[in-house]
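Chemist: Structure below; questions to follow.
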Amino acid sequence: MITEPQILALGKSVLAVVKSLEPKAEAAVAVWATHRAHTRFARNEITTSGEIDELSVSLSVQLGLRSASANSNQTDAASLRGLVERTLAIARLSPELPETMPVLGPSKVAKSALRDDALSRLDAKGRAEGITQALAPSREKDLLTAGFLQVWDGMTALVTSAGASLAQPFTDADFSVTARTKDGTGSGWSTLSTRQRALLDFAAVGRIAAEKAIASARPKTLEPGRYTVVLEPAAVGELFEYFTSSLDRRAVDEGRSAFSGKLGQKLVSELITLTSDPRTTPMLPWDGEGLALAPRTWVNAGVLESLAVSRYWAKQQKLEPTGSYTGFELAPGQSSRAQLLTGIKRGVLVTRFWYSNVVDPKTLAITALTRDGTFLIEDGVVTTPIKNFRINQSVIDALAKVDAVSSDRESPGSSAWKIPAMRTHEFLLASQSEAV
Amino acid sequence: MHLSRRSLLQATAALTLAPALAHARGLVADATYLNVIAATLDAAKRAGASYADLRIHRRRDEGVRVRDDHVESINDAERFGVGVRVLVNGAWGFASSPVVTVKEGARLAQVACALAKANAAVITRKVELAPNPAHVDVWQTPLQKDPFKIPVADKAELLLAVCEKLRAVKGINFCEASLSTRLEWKLFASSDGALIEQSQTRIGPDYSATAIHPTTGEFVSRSWDGQPLQAGWEHLETSHFLEDTTRVAEEAVQKLNSLSVEPGKKDLILDASNLWLTIHESVGHPTELDRALGYEANMAGTSFATIDTLGTQYAAPLVTLYADKTTPGGLATCGYDDDGVRTQRWNLVEKGKFVGYQTTREQAGWIGEKASRGCSYAQDHASVPFQRMPNVSLAPGEKDLSVLDLIKATDDGIYVVGTGSWSIDHQRYNFQFTGQMFFEVKKGKVTRSLKDVGYQSNTPAFWKSCDLLGGPSSVRMGSAFDDGKGEPMQSNPVSHACPPARFRGVSVINSASKKGG
């Protein structure tokens, strides 16, 4: 793997070419070097596996208000010169872009602890052993299992003609398993994402998927309608994908966001606090422009407290720019998973959602399907597997009715998110899905 | 009977046909690449591969985005490299790198073989590839004007002109326009002796206008119904890109002031600009063989269209749906797939009956077919080729009916234009789509526009309710530039040609959430 001095030197060599060809140009260079290994399995067998090396250079140049960006994964001297020439040529030909902001200079950014040597050493044999552990419960119970493991080892850097010089090493892993009963009536799923080998618990992911597959077999029909639901962390995460992508101050100010007119107001349940903090959230501590990301509270006890402000919009509106965040944490609650069920006369436990999409941006209403473990809750106890549903539900309304949050949190799908389970009410399970 | 990989290797000496490419109407035919190919395949064979292939692949994506009265961004991304795939003891291994040299090719072959050996130790079902001729050929998008040779300033100027026309319509508050252009060049070679050079150029123009109600703050957007195409700059000159702007903007304002739909069972006339996406989701994906057999269970899901349902009724008898990787202009169209199989057309649903799957060389034998349908694709050099959707299209009716004829024939229904929101379950039963514009139809006439329309159905019930098709003159093509599938996720460009069609008694919902469902 490339070292920190090497990746910074590569970036600066591109800046030097820009300077030599166009002394007046401002420039920013982002470099990503990754070694990615993946193993895919289905029907209880490994189907494909690969190892992919990539080194990509993204260059942005500015000639006054004329600017352009280009990217290449060819890093020999001739190719890098070609990249610079191409980017400059596009910038010279382009019209003025009024939203162009000057490149950023040096900033103090503390490195985040995003790399784990042990994870970087997980080789093909180790991956196969981990997958074998995950498959064991399914093989024992005669289930059909599919899944995917991907491990990253990488380094990224950002340098600018104004003097910024940032580098960050990282590792990351995503692992997921789907187990299905052979009669096709039951399906269970589990996932985790982590940057640390010690937390990559293959056996636990395999066990939960197998247990859910068996428990969800031969589901009963529950009439569509509005129900109290307990959403496991993956399902909560799906709602917050839409919530966090709506945190754009410009869209809010322009009146084309579900959050328009809501800044500073109580928007969701007081049990919900949403933050980003590079010191505790395992995320890159700067954004794509090199802006240091400060700890930030987006939602504080249900109140929409802040929004993401781009540098351009900050200048227009005389605000402080926030930068662009990729990691989010939801504050843990007080309830155990069992306590989330307490008091529910008749409700539904949802493992995860699938194929969600916005149907009404005005209310942030989405549609999606439940999948891989949907269960009836009766008198505070999970009693019966039920068929899946299509939901049509406003994310804001669902989060406003949250009255219990779990004390444990998971990272389903991204190691840069920490998400608890939640209980909410009058959630619209709109129609039946026969899918298993 | 299927030949094993080893017998194929013995039957065909690798690269014996290589010089033929130089005599073909070659695009590049760089001799250094032939050396990389030879070294890579040789290293794979020495490391124990019974089969090996490699793709030297260049991909270039250019994007220009305009917002209101100014250019927002101009990007140009280029990726180049080589991906090597091997079979050792019946198991796959893959490795890739951006460095395309003799030495790196040989190293990748060794890495891929080591991975394959590790996998071979734990698998019970060995991969067997269906036989395939070792083609040596060149294919490229028929195009008149290379869009990469059009200066970005000209592209920006066109997009700004679009926005100017959109903003000239009273009631329009915001607008956006964009142009995506993609080049894929690849040189495929295999240990069977295949050597295929292909170049595909795709162009995707788009724009939308947003209207905000001055008093209520309600907002709606209307997107253009035009589509990406595998073509050159000439697509911009023939697609009414600029000419449609005023109508699109006026319809955004019209939609804002339309009546919110009353939910219920309705007859739907789906314009081709809407129906293509429904075909994609409810026919294209369910008929992928890997899905049907559980190979995509962990991500995209499985399919209701299992092997035991072949020959059963999928749709009404007037419905024939076909796969075709040769459709002119289709985004998935090419000469050969990433297994080196020549592309073709075949039926998936014939006169209502489910008759075919999409397959690769690995998959053909799983359903007793003797040859692949040619559906292997990888998005770039760093991705493993696997089964991806060809262009999947609906055959028109025999009578040359127009969409107006369909409206005239409908007593009480809704005419849906353009694509909006979409969602379908993981076995492709329950789906829900919206659109861009919705028109109430009463006694054969459009009476008024509606808003908040969504339709929800179950795939077999929906297709069995189809009772009227537009004719050959009414066929239009819709396209998805980046259809996602697989782990790691890969994008596949794909198109769907179809006429407008009528569907009886479909459940219409009001997509505004308070009335949802």
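Lettering and numbering for the structure tokens are positional, with chains as A, B, ... in the shown order, residues counted from 1 in each chain, and ligands counted from 1 in the shown order.
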Compile the contact shell of stretch 151-168 of chain A as a short mmCIF file (atom, residue, chain, number, x, y, z; two decimals) with C-alpha atoms, in the first residue's frame: residues with an atom at most 6 Å away, counting only C-alpha atoms, same-chain residues fewer than 2 positions apart removed.
Modeler:
data_model
loop_
_atom_site.label_atom_id
_atom_site.label_comp_id
_atom_site.auth_asym_id
_atom_site.auth_seq_id
_atom_site.Cartn_x
_atom_site.Cartn_y
_atom_site.Cartn_z
CA GLU A 26 -5.63 27.42 -8.75
CA ALA A 27 -5.90 23.68 -8.32
CA ALA A 28 -6.96 20.93 -5.95
CA VAL A 29 -5.88 17.30 -6.27
CA ALA A 30 -7.58 14.38 -4.53
CA VAL A 31 -5.90 11.00 -4.65
CA TRP A 32 -7.45 7.68 -3.66
CA ALA A 33 -5.33 4.53 -3.45
CA THR A 34 -7.19 1.35 -2.59
CA HIS A 35 -6.70 -2.38 -2.47
CA ARG A 36 -10.14 -3.98 -2.42
CA ALA A 37 -10.77 -7.68 -1.90
CA GLY A 105 -5.55 26.59 2.07
CA PRO A 106 -3.96 24.76 5.01
CA SER A 120 -5.79 -4.96 6.25
CA PHE A 170 -8.36 3.77 6.29
CA THR A 171 -9.65 0.24 6.29
CA ASP A 172 -13.26 -0.82 5.97
CA ALA A 173 -15.31 -3.98 5.68
#
Chemist: Set out as JSON lines a contact list for chain B and chain A with a cut-off of 6 Å, giving each residue of chain B that qualifies its closest atom pair and distance in Å to one decimal, counting only C-alpha atoms, ordered by chain and rising residue number.
Modeler:
{"residue": "B:Val71", "atom": "CA", "partner": "A:Leu97", "partner_atom": "CA", "distance": 5.3}
{"residue": "B:Ile74", "atom": "CA", "partner": "A:Ala68", "partner_atom": "CA", "distance": 5.3}
{"residue": "B:Asn75", "atom": "CA", "partner": "A:Ser69", "partner_atom": "CA", "distance": 4.8}
{"residue": "B:Asp76", "atom": "CA", "partner": "A:Ala70", "partner_atom": "CA", "distance": 4.4}
{"residue": "B:Ala77", "atom": "CA", "partner": "A:Asn71", "partner_atom": "CA", "distance": 4.3}
{"residue": "B:Glu78", "atom": "CA", "partner": "A:Ser72", "partner_atom": "CA", "distance": 4.9}
{"residue": "B:Arg79", "atom": "CA", "partner": "A:Asn73", "partner_atom": "CA", "distance": 5.4}
{"residue": "B:Trp92", "atom": "CA", "partner": "A:Thr48", "partner_atom": "CA", "distance": 5.7}
{"residue": "B:Gly93", "atom": "CA", "partner": "A:Ser49", "partner_atom": "CA", "distance": 5.7}
{"residue": "B:Phe94", "atom": "CA", "partner": "A:Gly50", "partner_atom": "CA", "distance": 4.5}
{"residue": "B:Ala95", "atom": "CA", "partner": "A:Glu51", "partner_atom": "CA", "distance": 4.9}
{"residue": "B:Ser96", "atom": "CA", "partner": "A:Ile52", "partner_atom": "CA", "distance": 5.0}
{"residue": "B:Ser97", "atom": "CA", "partner": "A:Asp53", "partner_atom": "CA", "distance": 5.2}
{"residue": "B:Ile123", "atom": "CA", "partner": "A:Glu45", "partner_atom": "CA", "distance": 5.7}
{"residue": "B:Ala153", "atom": "CA", "partner": "A:Ser94", "partner_atom": "CA", "distance": 4.9}
{"residue": "B:Tyr295", "atom": "CA", "partner": "A:Ala42", "partner_atom": "CA", "distance": 5.2}
{"residue": "B:Asn298", "atom": "CA", "partner": "A:Thr178", "partner_atom": "CA", "distance": 5.0}
{"residue": "B:Ser421", "atom": "CA", "partner": "A:Val359", "partner_atom": "CA", "distance": 5.7}
{"residue": "B:Ser423", "atom": "CA", "partner": "A:Tyr355", "partner_atom": "CA", "distance": 5.5}
{"residue": "B:Asp425", "atom": "CA", "partner": "A:Leu369", "partner_atom": "CA", "distance": 5.9}
{"residue": "B:Gln427", "atom": "CA", "partner": "A:Ala435", "partner_atom": "CA", "distance": 5.1}
{"residue": "B:Asn430", "atom": "CA", "partner": "A:Ser433", "partner_atom": "CA", "distance": 5.4}
{"residue": "B:Ser511", "atom": "CA", "partner": "A:Val359", "partner_atom": "CA", "distance": 6.0}
{"residue": "B:Ala512", "atom": "CA", "partner": "A:Asp360", "partner_atom": "CA", "distance": 5.8}
{"residue": "B:Ser513", "atom": "CA", "partner": "A:Ala365", "partner_atom": "CA", "distance": 5.8}
{"residue": "B:Gly517", "atom": "CA", "partner": "A:Ala430", "partner_atom": "CA", "distance": 4.9}
Chemist: How would you write, as a list of chain:residue names, the set of residues in stretch 283-413 of chain A that DSSP gives as alpha helix (DSSP H)?
Modeler: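 Restricting stretch 283-413 of chain A to alpha helix (DSSP H) produces A:Arg311, A:Tyr312, A:Trp313, A:Ala314, A:Lys315, A:Gln316, A:Gln317, A:Arg337, A:Ala338, A:Gln339, A:Leu340, A:Leu341, A:Val395, A:Ile396, A:Asp397, A:Ala398, A:Leu399, A:Ala400.
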Chemist: Go through A:Gln6, A:Pro169, A:Ala331, A:Thr322 one by one, measure the shortest atom-to-atom distance of each to A:Leu114 using only C-alpha atoms, and give the residue with the smallest value.
Modeler: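 Smallest separation from A:Leu114 among the options: A:Pro169.
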Chemist: For A:Arg409, please output as an NGL selection string all residues within 8 Å (counting only C-alpha atoms; exclusion window: fewer than 2 positions along the same chain).
Modeler: :A and (233 or 332 or 406-407 or 411 or 418-421)
Chemist: Calculated over only C-alpha atoms, which of the candidates B:Ala38, B:Ala52, B:Leu159, B:Val416 has the smallest distance to B:Asp225?
Modeler: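 With only C-alpha atoms as the atom set, the closest residue is B:Val416.
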